[in-house]
Amino acid sequence: MGVEQIIEKIAGIRKAHPGNLMARHFDGDYFRGLDEADQQRLLRICATGIENPDSAMGAYAMNPGDYDDFSTQLEPMIRDFHGIPARVKIAQQHDWNVEGASCDLAAIDARLKDVSMRVRVARNASTFPLPGAMSKEQRVAFEDVAAAAFAKLIEDDAYGGQYLSITPGSPHEIDSAEYERRVASHQMFKDMSADRYLNVAGISGDWPYGRGMYVSADEDFLVWVGEEDHLRIMAMMNGGNLGALFNRLHKGLEVLSQLLPPFATSLVYGNVTSCPTNLGAGMRASLHMKLPNLTKGGTDLSRVTDAAKKLGLAVRGAGGEHSDAGSDGLVDVSPSARLGVTEMQIMQRLYDGAAALWALEVEG
Ligand code: ARG
C-alpha cells in the first residue's frame with residue numbers, strides 16, 4: 001500500500017472508530033515527512049490498530065527507543081489515554097511506602113476481609129527488543145536469563161518455589177494438563193496466539209517458545225515470562241491487607257532486579273512497556289469483588305462500569321481482559337491510571353474506589 005492509501009485508510013478508521021487512539025492522533029503530514037525506513041517502523045508500531053480498528057490504544061512499541069523516536073505520534077496518544085493535558089509535564093515518581101496509607105479492606109466492611117487481591121508490574125530488559133520485535137532465539141535466550149535468576153530466588157527461603165516453562169524441550173517444561181490447571185487457577189497467562197491485537201503486533205509470535213512462569217512456594221509471588229512484556233512480576237493473596245500485598249511485590253521486585261539485566265526505563269515515561277497503557281508505574285492493582293446487586297447477578301456491567309469510571313477505576317470480568325462477570329457478580333476492579341501516579345497513589349485509588357463501590361452495592 002502506498003503512503004497516501006495508508007493515510008486514507010487510517011483517516012477512515014478515525015471516523016468509524018473514534019475510540020482508536022492511534023487513528024485519532026495519526027498525523028498524515030508527519031508520516032509523509034518520515035524517511036521510508038521510519039515509515040516502516042512506525043507502521044509496525046501502529047499495525048495492531050490498523051488491522052484491529054476497534055482497538056482502544058492501537059499501538060505497541062517494538063523497542064524501548066520507539067517512545068523517543070516516534071514521540072510525535074505516541075506522546076499525544078499517551079497523554080490522551082492517561083489524561084495528561086499537553087501543558088502538563090509528564091513525570092513519573094515512585095513511592096512504595098505503605099506506612100500511613102489505608103490498607104485494611106476489612107475496615108470498610110468485615111465482609112471484605114477475604115478478597116482476592118493482586119498487583120503486578122510490567123518490566124522489560126533493556127538488553128533485548130520488546131516482545132513484538134523478538135526473534136524466536138531471543139525469546140528463548142531471554143527465558144534462559146530469567147530462569148537463571150529464578151534459580152537464585154528458589155534458593156532463598158523467602159521465595160522457594162519453581163520455574164515452569166511451556167517452551168518445547170525446556171528442562172523446566174510442564175505438560176499441557178499442568179499448563180491448563182495453572183491458567184484455570186488464574187496464575188498462568190492464556191494462549192496468546194488467540195489474541196488478535198497481540199498477533200498483529202508480533203507479540204504472540206513463536207508461541208509458546210520462551211514463555212513460562214515462576215511461582216513461589218506459597219504461590220503468592222509470581223513472574224510471567226514472555227507475555228506482553230518480558231516480565232510481569234506480581235503478588236497475589238486472598239485477604240484484606242493491601243499493604244502486605246504491596247510489600248510482597250516490592251521486596252520481590254528489588255531482589256529480582258539485582259539478579260536480572262537492567263530494566264528499560266525512560267526519563268519521561270518511567271518504566272517502558274510494550275503497550276503505552278502500561279507506561280509509568282507499569283502497575284495494575286486489582287480486587288476481585290462480588291457485586292451481585294450492582295451487576296444484576298453478573299448479567300449487566302454497565303452500572304458498575306459507569307460508577308467505577310468516575311472513581312478512576314476500570315472493570316472487567318474476573319476471567320481477565322475482555323471477559324464477562326461471573327453469575328455471582330464477581331468482577332475485577334482496578335485503577336486505570338498507570339502513568340504519573342505513584343505506586344501508593346494507585347493503592348489509595350483502589351482502596352477508596354472499593355469502598356465507594358461497596359457502598360453502592362450495599363445500598364442495592
Ligand atoms: N491493544 C489493545 C487495544 O488497543 C489492548 C490495549 C490494552 N490492553 C493491554 N493488554 N495492553 O485495544
# chains A, B, ... in the order shown; residues from 1 in each chain; ligands from 1
$ residues_near_ligand --ligand "ligand 1" --cutoff "7 Å" --atoms "only C-alpha atoms and all ligand atoms" --output "list in words"
Thr48, Gly49, Asp54, Ser55, Ala56, Met57, Gly58, Ala59, Tyr197, Leu198, Cys275, Thr277 and Asn278 of chain A
$ select_by_dssp --residues "range 80-170 of chain A" --states "helix (DSSP H, G or I)" --output "number ranges by chain"
A: 80-82, 105-107, 110-112, 131-133, 136-155
$ closest_residue --among "A:Arg118, A:Arg182, A:Lys136, A:Arg41" --to "Val333 in chain A" --atoms "only C-alpha atoms"
A:Arg118
$ residues_around --residues "Gly100 in chain A" --least-positions-apart "4" --cutoff "12 Å" --atoms "only C-alpha atoms" --output "list in words"
Trp96, Asp104, Gly243, Met344 and Gln348 of chain A
$ atom_distance --atom1 "CA of Glu8 in chain A" --atom2 "CA of Arg32 in chain A"
12.2 Å
$ residues_around --residues "Val272 in chain A" --least-positions-apart "5" --cutoff "12 Å" --atoms "only C-alpha atoms" --output "ChimeraX atom specification"
/A:60-68,92,121-126,129-130,228-231,262-267,277-283,338-339
$ decode --residues "range 311-324 of chain A" --atoms "all heavy atoms" --output "PDB file, in the first residue's frame"
ATOM      1  N   LEU A 311     -14.670   6.905  39.515  1.00  0.00           N
ATOM      2  CA  LEU A 311     -13.715   6.719  40.603  1.00  0.00           C
ATOM      3  C   LEU A 311     -12.301   6.448  40.072  1.00  0.00           C
ATOM      4  O   LEU A 311     -11.394   6.141  40.834  1.00  0.00           O
ATOM      5  CB  LEU A 311     -14.157   5.542  41.483  1.00  0.00           C
ATOM      6  CG  LEU A 311     -15.535   5.690  42.134  1.00  0.00           C
ATOM      7  CD1 LEU A 311     -16.074   4.335  42.581  1.00  0.00           C
ATOM      8  CD2 LEU A 311     -15.450   6.651  43.321  1.00  0.00           C
ATOM      9  N   GLY A 312     -12.135   6.536  38.746  1.00  0.00           N
ATOM     10  CA  GLY A 312     -10.821   6.270  38.150  1.00  0.00           C
ATOM     11  C   GLY A 312     -10.491   4.793  38.097  1.00  0.00           C
ATOM     12  O   GLY A 312      -9.320   4.408  38.029  1.00  0.00           O
ATOM     13  N   LEU A 313     -11.540   3.957  38.112  1.00  0.00           N
ATOM     14  CA  LEU A 313     -11.313   2.510  38.080  1.00  0.00           C
ATOM     15  C   LEU A 313     -11.845   1.926  36.778  1.00  0.00           C
ATOM     16  O   LEU A 313     -12.797   2.449  36.194  1.00  0.00           O
ATOM     17  CB  LEU A 313     -12.050   1.812  39.230  1.00  0.00           C
ATOM     18  CG  LEU A 313     -11.757   2.257  40.655  1.00  0.00           C
ATOM     19  CD1 LEU A 313     -12.668   1.498  41.617  1.00  0.00           C
ATOM     20  CD2 LEU A 313     -10.306   2.011  41.027  1.00  0.00           C
ATOM     21  N   ALA A 314     -11.250   0.820  36.357  1.00  0.00           N
ATOM     22  CA  ALA A 314     -11.771   0.054  35.220  1.00  0.00           C
ATOM     23  C   ALA A 314     -12.311  -1.265  35.750  1.00  0.00           C
ATOM     24  O   ALA A 314     -11.814  -1.796  36.744  1.00  0.00           O
ATOM     25  CB  ALA A 314     -10.656  -0.200  34.221  1.00  0.00           C
ATOM     26  N   VAL A 315     -13.349  -1.752  35.075  1.00  0.00           N
ATOM     27  CA  VAL A 315     -13.969  -3.013  35.488  1.00  0.00           C
ATOM     28  C   VAL A 315     -13.855  -4.014  34.359  1.00  0.00           C
ATOM     29  O   VAL A 315     -14.049  -3.675  33.196  1.00  0.00           O
ATOM     30  CB  VAL A 315     -15.479  -2.808  35.790  1.00  0.00           C
ATOM     31  CG1 VAL A 315     -16.152  -4.131  36.122  1.00  0.00           C
ATOM     32  CG2 VAL A 315     -15.658  -1.830  36.928  1.00  0.00           C
ATOM     33  N   ARG A 316     -13.521  -5.229  34.676  1.00  0.00           N
ATOM     34  CA  ARG A 316     -13.587  -6.322  33.703  1.00  0.00           C
ATOM     35  C   ARG A 316     -14.095  -7.567  34.409  1.00  0.00           C
ATOM     36  O   ARG A 316     -14.192  -7.597  35.632  1.00  0.00           O
ATOM     37  CB  ARG A 316     -12.230  -6.570  33.056  1.00  0.00           C
ATOM     38  CG  ARG A 316     -11.039  -6.605  33.990  1.00  0.00           C
ATOM     39  CD  ARG A 316      -9.794  -7.206  33.341  1.00  0.00           C
ATOM     40  NE  ARG A 316      -8.909  -6.263  32.725  1.00  0.00           N
ATOM     41  CZ  ARG A 316      -7.613  -6.497  32.483  1.00  0.00           C
ATOM     42  NH1 ARG A 316      -7.064  -7.642  32.812  1.00  0.00           N
ATOM     43  NH2 ARG A 316      -6.857  -5.605  31.909  1.00  0.00           N
ATOM     44  N   GLY A 317     -14.437  -8.587  33.658  1.00  0.00           N
ATOM     45  CA  GLY A 317     -14.838  -9.847  34.267  1.00  0.00           C
ATOM     46  C   GLY A 317     -13.664 -10.458  35.025  1.00  0.00           C
ATOM     47  O   GLY A 317     -12.514 -10.062  34.807  1.00  0.00           O
ATOM     48  N   ALA A 318     -13.962 -11.402  35.896  1.00  0.00           N
ATOM     49  CA  ALA A 318     -12.905 -11.991  36.711  1.00  0.00           C
ATOM     50  C   ALA A 318     -12.001 -12.905  35.892  1.00  0.00           C
ATOM     51  O   ALA A 318     -10.949 -13.318  36.349  1.00  0.00           O
ATOM     52  CB  ALA A 318     -13.501 -12.736  37.902  1.00  0.00           C
ATOM     53  N   GLY A 319     -12.408 -13.219  34.653  1.00  0.00           N
ATOM     54  CA  GLY A 319     -11.604 -14.105  33.801  1.00  0.00           C
ATOM     55  C   GLY A 319     -10.545 -13.366  32.995  1.00  0.00           C
ATOM     56  O   GLY A 319     -10.001 -13.917  32.058  1.00  0.00           O
ATOM     57  N   GLY A 320     -10.283 -12.106  33.321  1.00  0.00           N
ATOM     58  CA  GLY A 320      -9.238 -11.371  32.620  1.00  0.00           C
ATOM     59  C   GLY A 320      -9.817 -10.418  31.590  1.00  0.00           C
ATOM     60  O   GLY A 320     -11.031 -10.253  31.482  1.00  0.00           O
ATOM     61  N   GLU A 321      -8.882  -9.802  30.814  1.00  0.00           N
ATOM     62  CA  GLU A 321      -9.270  -8.792  29.849  1.00  0.00           C
ATOM     63  C   GLU A 321     -10.306  -9.370  28.868  1.00  0.00           C
ATOM     64  O   GLU A 321     -10.187 -10.501  28.422  1.00  0.00           O
ATOM     65  CB  GLU A 321      -8.023  -8.356  29.076  1.00  0.00           C
ATOM     66  CG  GLU A 321      -8.194  -7.031  28.397  1.00  0.00           C
ATOM     67  CD  GLU A 321      -6.849  -6.476  27.910  1.00  0.00           C
ATOM     68  OE1 GLU A 321      -5.868  -7.216  27.853  1.00  0.00           O
ATOM     69  OE2 GLU A 321      -6.810  -5.278  27.575  1.00  0.00           O
ATOM     70  N   HIS A 322     -11.314  -8.590  28.514  1.00  0.00           N
ATOM     71  CA  HIS A 322     -12.377  -8.969  27.577  1.00  0.00           C
ATOM     72  C   HIS A 322     -13.258 -10.109  28.083  1.00  0.00           C
ATOM     73  O   HIS A 322     -13.919 -10.792  27.306  1.00  0.00           O
ATOM     74  CB  HIS A 322     -11.833  -9.345  26.178  1.00  0.00           C
ATOM     75  CG  HIS A 322     -10.770  -8.420  25.657  1.00  0.00           C
ATOM     76  ND1 HIS A 322     -11.002  -7.067  25.478  1.00  0.00           N
ATOM     77  CD2 HIS A 322      -9.481  -8.626  25.315  1.00  0.00           C
ATOM     78  CE1 HIS A 322      -9.875  -6.501  25.019  1.00  0.00           C
ATOM     79  NE2 HIS A 322      -8.947  -7.429  24.928  1.00  0.00           N
ATOM     80  N   SER A 323     -13.275 -10.394  29.409  1.00  0.00           N
ATOM     81  CA  SER A 323     -14.150 -11.465  29.906  1.00  0.00           C
ATOM     82  C   SER A 323     -15.369 -10.855  30.597  1.00  0.00           C
ATOM     83  O   SER A 323     -15.402  -9.666  30.907  1.00  0.00           O
ATOM     84  CB  SER A 323     -13.389 -12.374  30.875  1.00  0.00           C
ATOM     85  OG  SER A 323     -13.159 -11.710  32.099  1.00  0.00           O
ATOM     86  N   ASP A 324     -16.388 -11.691  30.831  1.00  0.00           N
ATOM     87  CA  ASP A 324     -17.631 -11.224  31.465  1.00  0.00           C
ATOM     88  C   ASP A 324     -17.596 -11.490  32.972  1.00  0.00           C
ATOM     89  O   ASP A 324     -16.748 -12.211  33.470  1.00  0.00           O
ATOM     90  CB  ASP A 324     -18.830 -11.939  30.851  1.00  0.00           C
ATOM     91  CG  ASP A 324     -18.968 -11.601  29.373  1.00  0.00           C
ATOM     92  OD1 ASP A 324     -18.693 -10.444  29.015  1.00  0.00           O
ATOM     93  OD2 ASP A 324     -19.330 -12.507  28.606  1.00  0.00           O
TER      94      ASP A 324
END
